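As provided, start_36.pdb (PDB, C-alpha atoms, pLDDT in the B column) reads as follows.
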```
ATOM      1  CA  MET J   1     198.105 317.097 137.662  1.00 94.00           C
ATOM      2  CA  ILE J   2     195.627 315.789 140.243  1.00 97.00           C
ATOM      3  CA  ARG J   3     195.296 312.050 140.828  1.00 97.00           C
ATOM      4  CA  LYS J   4     194.364 309.617 143.576  1.00 97.00           C
ATOM      5  CA  ALA J   5     197.209 308.843 145.947  1.00 96.00           C
ATOM      6  CA  LEU J   6     198.842 305.412 145.835  1.00 94.00           C
ATOM      7  CA  LEU J   7     200.561 303.362 148.527  1.00 93.00           C
ATOM      8  CA  ASN J   8     203.977 304.256 147.157  1.00 93.00           C
ATOM      9  CA  ASP J   9     203.150 307.950 147.690  1.00 94.00           C
ATOM     10  CA  ALA J  10     203.254 307.502 151.488  1.00 94.00           C
ATOM     11  CA  GLN J  11     206.748 308.886 152.018  1.00 94.00           C
ATOM     12  CA  ALA J  12     206.155 311.921 149.802  1.00 94.00           C
ATOM     13  CA  ILE J  13     202.821 312.613 151.513  1.00 95.00           C
ATOM     14  CA  LYS J  14     204.458 312.413 154.934  1.00 93.00           C
ATOM     15  CA  ILE J  15     207.176 314.844 153.830  1.00 93.00           C
ATOM     16  CA  LEU J  16     204.576 317.282 152.477  1.00 95.00           C
ATOM     17  CA  LYS J  17     202.470 317.037 155.645  1.00 93.00           C
ATOM     18  CA  ASP J  18     205.462 317.507 157.914  1.00 92.00           C
ATOM     19  CA  THR J  19     206.551 320.531 155.879  1.00 93.00           C
ATOM     20  CA  VAL J  20     203.149 322.209 156.085  1.00 93.00           C
ATOM     21  CA  TRP J  21     202.484 321.225 159.733  1.00 91.00           C
ATOM     22  CA  PRO J  22     205.879 320.570 161.391  1.00 89.00           C
ATOM     23  CA  SER J  23     204.299 320.437 164.850  1.00 86.00           C
ATOM     24  CA  ASP J  24     201.827 317.708 163.860  1.00 84.00           C
ATOM     25  CA  THR J  25     203.911 314.933 162.321  1.00 84.00           C
ATOM     26  CA  THR J  26     202.795 311.348 161.698  1.00 84.00           C
ATOM     27  CA  SER J  27     204.675 308.203 160.758  1.00 89.00           C
ATOM     28  CA  GLU J  28     205.039 306.802 157.267  1.00 88.00           C
ATOM     29  CA  ASP J  29     203.458 303.564 158.528  1.00 91.00           C
ATOM     30  CA  HIS J  30     200.356 305.453 159.638  1.00 93.00           C
ATOM     31  CA  THR J  31     200.220 307.255 156.293  1.00 93.00           C
ATOM     32  CA  GLN J  32     200.386 303.923 154.466  1.00 94.00           C
ATOM     33  CA  SER J  33     197.598 302.486 156.605  1.00 94.00           C
ATOM     34  CA  ILE J  34     195.334 305.421 155.744  1.00 95.00           C
ATOM     35  CA  LEU J  35     196.177 305.122 152.053  1.00 94.00           C
ATOM     36  CA  ASN J  36     195.133 301.475 152.318  1.00 94.00           C
ATOM     37  CA  ASP J  37     191.794 302.351 153.956  1.00 94.00           C
ATOM     38  CA  ILE J  38     188.912 301.950 151.490  1.00 92.00           C
ATOM     39  CA  ASN J  39     186.925 304.605 153.383  1.00 93.00           C
ATOM     40  CA  GLN J  40     189.521 307.274 152.628  1.00 95.00           C
ATOM     41  CA  THR J  41     189.888 309.395 149.515  1.00 97.00           C
ATOM     42  CA  ILE J  42     193.221 311.157 149.161  1.00 97.00           C
ATOM     43  CA  LEU J  43     194.025 313.265 146.122  1.00 98.00           C
ATOM     44  CA  ILE J  44     197.449 314.661 145.341  1.00 97.00           C
ATOM     45  CA  ASN J  45     198.645 317.366 143.007  1.00 97.00           C
ATOM     46  CA  GLU J  46     202.010 316.672 141.441  1.00 95.00           C
ATOM     47  CA  ASN J  47     204.365 318.314 138.980  1.00 91.00           C
ATOM     48  CA  GLU J  48     207.165 316.614 137.055  1.00 85.00           C
ATOM     49  CA  THR J  49     209.169 315.833 140.189  1.00 86.00           C
ATOM     50  CA  ASP J  50     207.187 316.417 143.399  1.00 89.00           C
ATOM     51  CA  ILE J  51     203.875 316.135 145.195  1.00 94.00           C
ATOM     52  CA  THR J  52     202.903 319.779 145.700  1.00 96.00           C
ATOM     53  CA  GLY J  53     199.533 319.438 147.420  1.00 97.00           C
ATOM     54  CA  LEU J  54     196.952 317.055 148.805  1.00 97.00           C
ATOM     55  CA  ALA J  55     193.331 316.873 149.887  1.00 98.00           C
ATOM     56  CA  ALA J  56     191.784 314.108 151.989  1.00 98.00           C
ATOM     57  CA  ALA J  57     188.139 313.261 152.685  1.00 98.00           C
ATOM     58  CA  PHE J  58     185.882 310.540 154.050  1.00 98.00           C
ATOM     59  CA  MET J  59     182.182 309.962 154.707  1.00 98.00           C
ATOM     60  CA  THR J  60     180.375 310.225 158.029  1.00 97.00           C
ATOM     61  CA  THR J  61     176.709 309.932 158.960  1.00 96.00           C
ATOM     62  CA  SER J  62     175.136 312.414 161.354  1.00 95.00           C
ATOM     63  CA  LEU J  63     172.751 311.554 164.166  1.00 92.00           C
ATOM     64  CA  ASP J  64     169.854 312.470 161.835  1.00 92.00           C
ATOM     65  CA  TYR J  65     171.271 310.267 159.027  1.00 94.00           C
ATOM     66  CA  ILE J  66     172.747 312.992 156.831  1.00 96.00           C
ATOM     67  CA  GLN J  67     175.610 311.673 154.703  1.00 98.00           C
ATOM     68  CA  ARG J  68     178.476 314.140 155.128  1.00 98.00           C
ATOM     69  CA  TRP J  69     181.581 314.262 152.946  1.00 98.00           C
ATOM     70  CA  GLU J  70     184.251 315.424 155.399  1.00 98.00           C
ATOM     71  CA  VAL J  71     186.989 317.381 153.625  1.00 98.00           C
ATOM     72  CA  ASP J  72     189.408 316.742 156.433  1.00 95.00           C
ATOM     73  CA  LEU J  73     192.745 317.945 155.114  1.00 96.00           C
ATOM     74  CA  LEU J  74     194.033 320.430 152.549  1.00 97.00           C
ATOM     75  CA  ALA J  75     197.749 321.108 152.191  1.00 96.00           C
ATOM     76  CA  VAL J  76     199.884 322.890 149.602  1.00 97.00           C
ATOM     77  CA  HIS J  77     203.665 323.045 149.805  1.00 96.00           C
ATOM     78  CA  PRO J  78     204.835 326.575 150.753  1.00 94.00           C
ATOM     79  CA  ASN J  79     206.883 326.795 147.538  1.00 94.00           C
ATOM     80  CA  HIS J  80     203.797 326.163 145.394  1.00 94.00           C
ATOM     81  CA  GLN J  81     201.111 328.289 147.005  1.00 92.00           C
ATOM     82  CA  ARG J  82     199.082 330.956 145.168  1.00 91.00           C
ATOM     83  CA  GLN J  83     199.093 328.867 141.997  1.00 93.00           C
ATOM     84  CA  GLY J  84     195.483 327.663 142.161  1.00 95.00           C
ATOM     85  CA  ILE J  85     196.456 324.228 143.489  1.00 97.00           C
ATOM     86  CA  ALA J  86     194.297 324.434 146.633  1.00 97.00           C
ATOM     87  CA  LYS J  87     191.197 325.479 144.685  1.00 98.00           C
ATOM     88  CA  ASN J  88     191.694 322.701 142.137  1.00 98.00           C
ATOM     89  CA  LEU J  89     192.100 320.122 144.899  1.00 98.00           C
ATOM     90  CA  VAL J  90     188.984 321.276 146.763  1.00 98.00           C
ATOM     91  CA  ASN J  91     186.921 321.239 143.566  1.00 98.00           C
ATOM     92  CA  ALA J  92     188.184 317.762 142.684  1.00 98.00           C
ATOM     93  CA  ILE J  93     187.568 316.195 146.075  1.00 98.00           C
ATOM     94  CA  THR J  94     184.159 317.876 146.395  1.00 98.00           C
ATOM     95  CA  LYS J  95     183.180 316.334 143.051  1.00 98.00           C
ATOM     96  CA  ILE J  96     184.012 312.889 144.455  1.00 98.00           C
ATOM     97  CA  GLY J  97     181.701 313.552 147.405  1.00 98.00           C
ATOM     98  CA  ARG J  98     178.873 314.238 144.965  1.00 97.00           C
ATOM     99  CA  GLN J  99     179.670 311.010 143.100  1.00 97.00           C
ATOM    100  CA  LYS J 100     179.463 309.122 146.406  1.00 97.00           C
ATOM    101  CA  ASN J 101     175.957 310.548 146.967  1.00 97.00           C
ATOM    102  CA  ALA J 102     176.800 312.654 149.996  1.00 98.00           C
ATOM    103  CA  GLN J 103     174.127 315.184 150.927  1.00 98.00           C
ATOM    104  CA  ILE J 104     176.669 317.802 151.961  1.00 98.00           C
ATOM    105  CA  ALA J 105     180.414 318.324 151.956  1.00 98.00           C
ATOM    106  CA  ARG J 106     181.914 320.198 154.873  1.00 98.00           C
ATOM    107  CA  ALA J 107     185.230 321.437 156.184  1.00 98.00           C
ATOM    108  CA  LEU J 108     186.219 322.647 159.635  1.00 97.00           C
ATOM    109  CA  ILE J 109     188.489 325.667 159.174  1.00 97.00           C
ATOM    110  CA  GLN J 110     190.349 327.592 161.871  1.00 97.00           C
ATOM    111  CA  ILE J 111     189.027 331.130 162.194  1.00 97.00           C
ATOM    112  CA  GLU J 112     192.533 332.532 161.599  1.00 96.00           C
ATOM    113  CA  ASN J 113     193.020 330.563 158.368  1.00 95.00           C
ATOM    114  CA  ILE J 114     191.892 333.228 155.927  1.00 96.00           C
ATOM    115  CA  GLY J 115     193.581 331.518 152.980  1.00 95.00           C
ATOM    116  CA  SER J 116     191.532 328.330 153.354  1.00 96.00           C
ATOM    117  CA  GLN J 117     188.357 330.332 153.932  1.00 97.00           C
ATOM    118  CA  LYS J 118     188.911 332.161 150.635  1.00 97.00           C
ATOM    119  CA  THR J 119     189.646 328.905 148.842  1.00 97.00           C
ATOM    120  CA  PHE J 120     186.521 327.136 150.055  1.00 98.00           C
ATOM    121  CA  THR J 121     184.400 330.202 149.325  1.00 98.00           C
ATOM    122  CA  ALA J 122     185.714 330.234 145.760  1.00 98.00           C
ATOM    123  CA  CYS J 123     184.697 326.566 145.501  1.00 98.00           C
ATOM    124  CA  GLY J 124     181.086 327.262 146.508  1.00 98.00           C
ATOM    125  CA  TYR J 125     181.241 326.527 150.248  1.00 98.00           C
ATOM    126  CA  THR J 126     179.450 328.797 152.722  1.00 98.00           C
ATOM    127  CA  THR J 127     179.426 329.265 156.491  1.00 97.00           C
ATOM    128  CA  ASN J 128     176.794 330.604 158.858  1.00 93.00           C
ATOM    129  CA  GLY J 129     179.533 332.388 160.779  1.00 91.00           C
ATOM    130  CA  GLY J 130     179.038 330.397 163.964  1.00 96.00           C
ATOM    131  CA  ILE J 131     182.224 329.815 165.957  1.00 98.00           C
ATOM    132  CA  GLN J 132     182.922 326.391 167.419  1.00 98.00           C
ATOM    133  CA  ALA J 133     185.525 325.225 169.891  1.00 98.00           C
ATOM    134  CA  LEU J 134     187.439 322.023 169.259  1.00 98.00           C
ATOM    135  CA  TYR J 135     188.079 319.962 172.399  1.00 98.00           C
ATOM    136  CA  ILE J 136     190.083 316.728 172.527  1.00 98.00           C
ATOM    137  CA  SER J 137     191.003 314.120 175.136  1.00 98.00           C
ATOM    138  CA  ASP J 138     193.513 311.305 175.339  1.00 96.00           C
ATOM    139  CA  SER J 139     192.406 310.331 178.858  1.00 93.00           C
ATOM    140  CA  GLU J 140     191.958 306.661 179.699  1.00 91.00           C
ATOM    141  CA  ASN J 141     188.469 305.468 180.564  1.00 89.00           C
ATOM    142  CA  THR J 142     187.573 301.803 181.070  1.00 85.00           C
ATOM    143  CA  SER J 143     183.810 302.258 181.434  1.00 78.00           C
ATOM    144  CA  ALA J 144     181.593 299.765 179.611  1.00 73.00           C
ATOM    145  CA  LEU J 145     180.374 301.059 176.263  1.00 67.00           C
ATOM    146  CA  ASP J 146     176.619 301.560 176.322  1.00 69.00           C
ATOM    147  CA  PRO J 147     175.653 304.648 174.272  1.00 61.00           C
ATOM    148  CA  ALA J 148     172.768 306.431 175.910  1.00 61.00           C
ATOM    149  CA  GLY J 149     170.160 308.928 174.805  1.00 66.00           C
ATOM    150  CA  GLU J 150     171.188 311.052 171.855  1.00 74.00           C
ATOM    151  CA  CYS J 151     174.919 310.363 172.174  1.00 85.00           C
ATOM    152  CA  HIS J 152     176.496 309.781 168.752  1.00 93.00           C
ATOM    153  CA  LEU J 153     180.031 308.364 168.491  1.00 94.00           C
ATOM    154  CA  ILE J 154     181.778 308.363 165.113  1.00 96.00           C
ATOM    155  CA  PRO J 155     185.039 306.418 164.662  1.00 96.00           C
ATOM    156  CA  VAL J 156     187.384 308.267 162.294  1.00 97.00           C
ATOM    157  CA  SER J 157     190.790 307.606 160.772  1.00 95.00           C
ATOM    158  CA  THR J 158     192.668 310.490 159.206  1.00 95.00           C
ATOM    159  CA  LEU J 159     196.178 311.278 158.031  1.00 94.00           C
ATOM    160  CA  ASN J 160     196.667 313.025 161.387  1.00 92.00           C
ATOM    161  CA  TYR J 161     195.133 310.599 163.891  1.00 94.00           C
ATOM    162  CA  ARG J 162     192.762 307.753 164.687  1.00 96.00           C
ATOM    163  CA  GLY J 163     189.970 308.561 167.078  1.00 97.00           C
ATOM    164  CA  VAL J 164     186.299 309.116 167.744  1.00 97.00           C
ATOM    165  CA  TRP J 165     184.101 312.182 167.321  1.00 97.00           C
ATOM    166  CA  VAL J 166     181.522 312.844 170.038  1.00 97.00           C
ATOM    167  CA  GLU J 167     178.307 314.349 168.662  1.00 96.00           C
ATOM    168  CA  GLY J 168     174.673 314.670 169.687  1.00 93.00           C
ATOM    169  CA  GLU J 169     173.781 315.625 173.255  1.00 91.00           C
ATOM    170  CA  LEU J 170     177.097 316.811 174.717  1.00 94.00           C
ATOM    171  CA  LYS J 171     176.544 315.632 178.255  1.00 92.00           C
ATOM    172  CA  ALA J 172     179.032 314.082 180.666  1.00 92.00           C
ATOM    173  CA  VAL J 173     178.049 310.542 179.644  1.00 90.00           C
ATOM    174  CA  ALA J 174     178.790 311.333 175.990  1.00 93.00           C
ATOM    175  CA  PHE J 175     182.310 312.572 176.754  1.00 95.00           C
ATOM    176  CA  MET J 176     182.902 309.558 179.003  1.00 93.00           C
ATOM    177  CA  LEU J 177     181.775 307.153 176.283  1.00 93.00           C
ATOM    178  CA  GLY J 178     184.024 308.868 173.748  1.00 95.00           C
ATOM    179  CA  GLN J 179     186.995 308.380 176.057  1.00 95.00           C
ATOM    180  CA  ALA J 180     185.959 304.767 176.661  1.00 93.00           C
ATOM    181  CA  MET J 181     185.811 303.994 172.948  1.00 93.00           C
ATOM    182  CA  ARG J 182     189.211 305.647 172.430  1.00 96.00           C
ATOM    183  CA  THR J 183     190.665 303.580 175.274  1.00 96.00           C
ATOM    184  CA  GLN J 184     189.123 300.321 174.100  1.00 93.00           C
ATOM    185  CA  HIS J 185     190.561 300.642 170.595  1.00 95.00           C
ATOM    186  CA  HIS J 186     193.847 302.283 171.611  1.00 96.00           C
ATOM    187  CA  TRP J 187     193.102 305.254 169.375  1.00 97.00           C
ATOM    188  CA  ASP J 188     194.844 308.612 169.648  1.00 96.00           C
ATOM    189  CA  ILE J 189     192.054 310.958 170.714  1.00 97.00           C
ATOM    190  CA  ALA J 190     188.392 311.570 171.380  1.00 98.00           C
ATOM    191  CA  GLY J 191     187.189 314.909 170.097  1.00 98.00           C
ATOM    192  CA  ALA J 192     184.155 317.169 170.121  1.00 98.00           C
ATOM    193  CA  VAL J 193     183.280 320.362 168.267  1.00 98.00           C
ATOM    194  CA  ILE J 194     181.191 322.549 170.571  1.00 98.00           C
ATOM    195  CA  PRO J 195     179.483 325.862 169.761  1.00 97.00           C
ATOM    196  CA  LYS J 196     181.423 328.619 171.506  1.00 97.00           C
ATOM    197  CA  ALA J 197     178.193 329.980 172.972  1.00 97.00           C
ATOM    198  CA  ASN J 198     177.295 326.644 174.622  1.00 97.00           C
ATOM    199  CA  ASP J 199     178.854 327.400 177.995  1.00 97.00           C
ATOM    200  CA  GLN J 200     177.308 324.368 179.676  1.00 97.00           C
ATOM    201  CA  ALA J 201     178.682 321.858 177.138  1.00 97.00           C
ATOM    202  CA  ILE J 202     182.118 323.486 177.263  1.00 98.00           C
ATOM    203  CA  ALA J 203     182.171 323.348 181.047  1.00 98.00           C
ATOM    204  CA  THR J 204     181.098 319.701 180.935  1.00 97.00           C
ATOM    205  CA  ALA J 205     183.808 318.864 178.384  1.00 98.00           C
ATOM    206  CA  GLU J 206     186.494 320.507 180.503  1.00 98.00           C
ATOM    207  CA  ALA J 207     185.256 318.783 183.660  1.00 97.00           C
ATOM    208  CA  SER J 208     185.397 315.486 181.743  1.00 96.00           C
ATOM    209  CA  GLY J 209     189.072 315.930 180.881  1.00 97.00           C
ATOM    210  CA  PHE J 210     188.769 317.428 177.401  1.00 98.00           C
ATOM    211  CA  THR J 211     191.217 320.188 176.436  1.00 98.00           C
ATOM    212  CA  PHE J 212     190.581 323.206 174.217  1.00 98.00           C
ATOM    213  CA  VAL J 213     192.503 323.245 170.922  1.00 97.00           C
ATOM    214  CA  SER J 214     191.285 326.167 168.812  1.00 97.00           C
ATOM    215  CA  TYR J 215     188.261 327.962 167.368  1.00 98.00           C
ATOM    216  CA  PHE J 216     186.829 326.911 164.009  1.00 98.00           C
ATOM    217  CA  GLN J 217     183.973 327.563 161.616  1.00 98.00           C
ATOM    218  CA  THR J 218     182.165 324.943 159.557  1.00 98.00           C
ATOM    219  CA  TRP J 219     182.067 325.532 155.801  1.00 98.00           C
ATOM    220  CA  VAL J 220     179.427 323.584 153.875  1.00 98.00           C
ATOM    221  CA  TYR J 221     178.711 322.687 150.254  1.00 98.00           C
ATOM    222  CA  ASP J 222     175.122 321.540 149.738  1.00 97.00           C
ATOM    223  CA  PHE J 223     174.753 318.929 146.975  1.00 97.00           C
ATOM    224  CA  LYS J 224     170.976 319.323 146.730  1.00 86.00           C
TER
END
```

Give the structure from this file in structure tokens form.
Amino acid sequence: MIRKALLNDAQAIKILKDTVWPSDTTSEDHTQSILNDINQTILINENETDITGLAAAFMTTSLDYIQRWEVDLLAVHPNHQRQGIAKNLVNAITKIGRQKNAQIARALIQIENIGSQKTFTACGYTTNGGIQALYISDSENTSALDPAGECHLIPVSTLNYRGVWVEGELKAVAFMLGQAMRTQHHWDIAGAVIPKANDQAIATAEASGFTFVSYFQTWVYDFK
């Protein structure tokens, strides 16, 4: 059965997350704070005794004012995979994005994660095949916040972290401002998703103290 997660699900959600991603653990307190965030939608799949899967999403607005339903997390317990749980969760949370009047839903999926790619494809998502590099920074920066040009900073809170996404023109000032916002709010990270072919932006990110994480592709569901 799929239902919306409740505050008293925090411990079970943490256990599921830590089982699926043991190298990326978070506290139960953080999980509770996200469950209490009105901007978050977290669905869980449960059987008679356990939470067997979850999907999490939230809304962002792009620089050109597109409302994007970010399907940020999809997890199924290893003992319950290949039972259709992931597909049911993606379909359910995508439906909520439509109800919230998003223009698109999207998911950032690692290029090695064939299972998730198949799941999202089965749920009607498509990708243009472009490869993007995820870069993050936890560097301190005490510069005054004064967004310039086409820099677009998006505060985000997820089950994994609190931070800011850097979008728009990926110049040195944009990366600096992302770090400054992270520092000001004591968030975990600033992050940017950069097309692999954009050598200049990647070089600028690295020179600004951002570190490469992995390669991803963006999968999109168009609600139009």

Leaving out Ala133 of chain J and any residue of its chain fewer than 5 positions from it, which residues lie within 9 Å of it when counting only C-alpha atoms, given as a CSV table (one decimal) with C-alpha atoms, keeping the file's coordinate frame?
```csv
chain,number,residue,atom,x,y,z
J,192,ALA,CA,184.2,317.2,170.1
J,193,VAL,CA,183.3,320.4,168.3
J,194,ILE,CA,181.2,322.5,170.6
J,195,PRO,CA,179.5,325.9,169.8
J,196,LYS,CA,181.4,328.6,171.5
J,202,ILE,CA,182.1,323.5,177.3
J,212,PHE,CA,190.6,323.2,174.2
J,213,VAL,CA,192.5,323.2,170.9
J,214,SER,CA,191.3,326.2,168.8
J,215,TYR,CA,188.3,328.0,167.4
J,216,PHE,CA,186.8,326.9,164.0
J,217,GLN,CA,184.0,327.6,161.6
```

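When all atoms listed in the file are used to compute distances to Ala107 of chain J, the closest of the residues J:Ala12, J:Leu7, J:Ala197, J:Ala55 turns out to be J:Ala55.
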
Of J:Ser157, J:Ser116, J:Gln184, J:Thr19, the one nearest to Glu140 of chain J when counting all atoms listed in the file is J:Gln184

If the PyMOL selection byres ((chain J and resi 83-85) around 9) were run on this exact file, what residues would it hold? Put them as a list of chain:residue names.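 Matching residues under the PyMOL selection byres ((chain J and resi 83-85) around 9) are J:Asn45, J:Thr52, J:Gly53, J:Leu54, J:Val76, J:His80, J:Gln81, J:Arg82, J:Ala86, J:Lys87, J:Asn88, J:Leu89, J:Val90, J:Thr119.
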
Would you compute the distance between atom CA of Gly163 of chain J and atom CA of Thr127 of chain J? Give it in Å to one decimal.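 Value for the atom CA of Gly163 of chain J-atom CA of Thr127 of chain J distance: 25.5 Å.
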